[in-house]
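Peer 1: Would you mind keeping the following structure in view while I ask a few things?
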Amino acid sequence: MSQAQAPAAQATTPRWDIFCSIVDNFGDIGVCWRLARQLAHEHGLQVRLWLDKPEVARQLIPSLNPALTRQIPGQYIAQVEICHWQLAADAEIADAEIADAEVADAEVANVVIEAFACELPAAYLQHMQGRRPVWINLEYLSAESWVDEFHAGRSVHPSTGLSKHFFFPGFSHHTGGLLRESRLLAERMAFQQDAQLQAEFWQQLGVAPSLSENAVKVSLFCYPHAPLHSILQAMAEGEQEVDLFIPAGHIAEQTQAWVAQQAAAGFTAHKLKTHIIPFLSQPLYDRLLWACELNFVRGEDSWIRAIWAGRPLIWQPYFQQEDTHLEKLQAFLQRYHEKSSASLTAEIMAAHQAWNADGFKADGINAQQWQALCAILPQWQAHAQAYASELAEQEDLAAKLVIYCKNLF
């Protein structure tokens with residue numbers, strides 16, 4: 001849909017504005033883009049997504065034209081209007097102030113979502129005092145138990161008197177739930193049961209001719225400080241053939257350098273075949289997760305999509321000081337293993353600990369641990385599918401958010 005092809009909307013259709021600051025690693029924009037599309041497609045809302053770095057977002061939204069976002073109306077893609085907001089170029093001006101006049105001129109929406117405490121533009125916040133919209137702070141996802149208590153709390157802004165409501169995603173019925181499109185699991189099941197669809201997917205990535213029939217397919221998406229060399233070495237030395245898929249970027253470059261070093265030293269990784277693939281759009285990344293037997297994921301967006309994939313996963317939370325990320329990891333693993341066997345739990349816990357422990361000094365997953373993981377993959381697969389199905393019995397985040405905001409009007 002081009003800029004001129006704005007979707008038809010009734011005058012009474014509520015407008016929602018989502019403000020997203022793209023910090024790094026695509027996690028924030030990944031969540032916001034999925035949420036914006038679902039609100040528009042499944043709930044019939046007028047959605048405007050404000051991005052501070054549209055040029056970065058193009059990696060996730062290939063049809064995005066940053067030039068078209070710098071005006072009102074912005075560029076329409078997938079029934080979502082995408083607009084640009086920008087911090088002032090003068091570094092001495094506070095981050096809350098902006099240089100974009102378009103934001104100040106934009107009509108305030110019925111619902112305003114401040115994603116991950118990004119701080120709203122000062123001019124927009126000022127105009128909110130007249131309309132007094134529902135103001136939501138969409139928080140980061142955590143499996144920790146305190147989320148149940150703090151979800152749906154509110155505070156009063158000191159200078160405007162507006163109420164800000166804190167919406168926490170989470171894993172229990174007492175939280176805001178998890179992002180999940182209405183037909184996601186049905187589409188996943190159809191893909192995983194159709195060998196032809198899978199073959200076409202691998203052909204689309206350009207790797208089909210080189211795949212091994214007996215290899216375990218593994219996707220790897222991690223932060224730069226992950227103990228990459230250890231898992232590569234473990235896979236190369238293991239008994240199980242592995243096709244490893246890595247999106248283009250820093251980790252792919254590190255992997256290629258490792259392969260070159262091993263070759264120079266006379267070591268051939270017979271059991272490991274690495275495939276550097278393009279940085280994928282969200283729909284294609286979902287299919288990669290569905291097609292692999294094990295997925296290494298990071299942050300928030302890829303973590304949740306890996307859960308919905310119903311495949312074994314190893315998660316790397318975003319690194320935080322004082323090992324806060326390890327507390328988040330432990331909280332998730334406790335929920336993840338509430339109904340799994342003791343032996344399965346022990347192996348998966350050990351692998352996550354090796355992949356994440358000690359932050360930038362983690363030893364990583366060794367050859368013995370890798371062999372143990374390969375041995376439990378069938379049991380792990382059954383558990384992963386059951387866990388995804390159990391979570392899907394809850395209302396999804398977008399639906400919960402719509403109901404929550406309607407009750408505040």
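Scheme for the structure tokens: letters A, B, ... for chains in order shown; per-chain residue numbers from 1; ligand numbers from 1 in order shown.
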If you run DSSP over the backbone, which residues in stretch 125-184 of chain A end up helix (DSSP H, G or I)? Put them as a PyMOL selection string.

Peer 2: chain A and resi 125-131+146-150+184

Peer 1: Would you kindly return, as number ranges by chain, each protein, DNA or RNA residue with an atom no farther than 8 Å from any atom of stretch 389-400 of chain A, considering only C-alpha atoms and excluding same-chain residues fewer than 3 positions away?

Peer 2: A: 35, 38-39, 169, 171, 173, 176-181, 385-386, 403-404

Peer 1: Give the answer as one residue: which of A:Glu300, A:Leu185, A:Leu51, A:Val108 has the shortest atom-to-atom distance to A:His127, using only C-alpha atoms?

Peer 2: A:Val108

Peer 1: Give me, please, the distance in Å between atom CA of A:Arg305 and atom CA of A:His383, quoted to one decimal.

Peer 2: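 Atom CA of A:His383 lies at a distance of 16.0 Å from atom CA of A:Arg305.
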
Peer 1: Give me the residues within 12 Å of A:Thr255 as a PyMOL selection string, counting only C-alpha atoms and dropping any in the same chain fewer than 5 places off.

Peer 2: chain A and resi 220-222+224+226-233+244-250+260-262+272-276

Peer 1: Please list as a ChimeraX atom specification every residue within 8 Å of stretch 190-204 of chain A, counting only C-alpha atoms and excluding residues in the same chain fewer than 5 positions away.

Peer 2: /A:209,287,290-291

Peer 1: Report as a list in words all protein, DNA and RNA residues lying within 9 Å of A:Cys20, evaluated on only C-alpha atoms, omitting residues in the same chain fewer than 2 positions from it.

Peer 2: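 Skipping anything fewer than 2 positions along the chain leaves Ile18, Ile22, Asp28, Ile29, Cys32, Leu49, Trp50, Leu51, Asp52, Ile113, Glu114, Ala115, Phe116 and Cys118 of chain A.
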
Peer 1: Fewer than 4 positions away in the same chain doesn't count, so skip those; otherwise give me all residues within 9 Å of A:His270, counting only C-alpha atoms, as a ChimeraX atom specification.

Peer 2: /A:236-237,241

Peer 1: Can you spit out the residues from that selection as a PDB file, in the first residue's frame, using all heavy atoms?

Peer 2:
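Result written to selection_12.pdb:
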```pdb
ATOM      1  N   ALA A 236      30.874 -28.725  15.566  1.00  0.00           N
ATOM      2  CA  ALA A 236      31.848 -29.278  14.616  1.00  0.00           C
ATOM      3  C   ALA A 236      32.419 -30.603  15.091  1.00  0.00           C
ATOM      4  O   ALA A 236      32.721 -31.493  14.287  1.00  0.00           O
ATOM      5  CB  ALA A 236      32.970 -28.267  14.398  1.00  0.00           C
ATOM      6  N   GLU A 237      32.565 -30.767  16.402  1.00  0.00           N
ATOM      7  CA  GLU A 237      33.156 -31.978  16.969  1.00  0.00           C
ATOM      8  C   GLU A 237      32.123 -33.047  17.289  1.00  0.00           C
ATOM      9  O   GLU A 237      32.478 -34.182  17.607  1.00  0.00           O
ATOM     10  CB  GLU A 237      33.914 -31.628  18.255  1.00  0.00           C
ATOM     11  CG  GLU A 237      35.112 -30.713  18.035  1.00  0.00           C
ATOM     12  CD  GLU A 237      35.759 -30.304  19.343  1.00  0.00           C
ATOM     13  OE1 GLU A 237      35.234 -30.676  20.419  1.00  0.00           O
ATOM     14  OE2 GLU A 237      36.799 -29.617  19.301  1.00  0.00           O
ATOM     15  N   GLU A 241      25.174 -34.379  12.504  1.00  0.00           N
ATOM     16  CA  GLU A 241      25.315 -33.376  11.451  1.00  0.00           C
ATOM     17  C   GLU A 241      24.419 -32.174  11.762  1.00  0.00           C
ATOM     18  O   GLU A 241      23.308 -32.337  12.267  1.00  0.00           O
ATOM     19  CB  GLU A 241      24.924 -33.949  10.092  1.00  0.00           C
ATOM     20  CG  GLU A 241      25.885 -34.974   9.530  1.00  0.00           C
ATOM     21  CD  GLU A 241      25.466 -35.426   8.145  1.00  0.00           C
ATOM     22  OE1 GLU A 241      25.523 -34.590   7.211  1.00  0.00           O
ATOM     23  OE2 GLU A 241      25.039 -36.587   8.008  1.00  0.00           O
TER      24      GLU A 241
END
```

Peer 1: So, counting only C-alpha atoms, which residue among A:Ala234, A:Leu184, A:Cys405, A:Ile365 is closest to A:Ala309?

Peer 2: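 With only C-alpha atoms as the atom set, the closest residue is A:Leu184.
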
Peer 1: Could you work out how far atom CA of A:Ser343 lies from atom CA of A:Arg311, giving the answer in Å with one decimal?

Peer 2: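 Computing it gives 18.1 Å between the two atoms.
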
Peer 1: To one decimal place in Å, what is the distance between atom CA of A:Ala264 and atom CA of A:Met235?

Peer 2: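 Atom-to-atom, atom CA of A:Ala264 and atom CA of A:Met235 are spaced 18.5 Å apart.
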
Peer 1: As number ranges by chain, please: every residue in stretch 54-170 of chain A that a backbone DSSP assignment puts in strand (DSSP E or B).

Peer 2: A: 75-77, 80-84, 87, 98, 111-115, 134-138, 153-156, 163-167

Peer 1: From the set A:Gln129, A:Gln369, A:Gln381, A:Ser219, which residue has the shortest atom-to-atom contact distance to A:Leu289, counting only C-alpha atoms?

Peer 2: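 For A:Leu289, the nearest of the given residues is A:Ser219.
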
Peer 1: Point out the residue among A:Ala346, A:Val111, A:Ala106, A:Ile61 with the least atom-to-atom distance to A:Arg15, counting only C-alpha atoms.

Peer 2: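 Going through A:Ala346, A:Val111, A:Ala106, A:Ile61 one by one, the smallest distance to A:Arg15 is for A:Val111.
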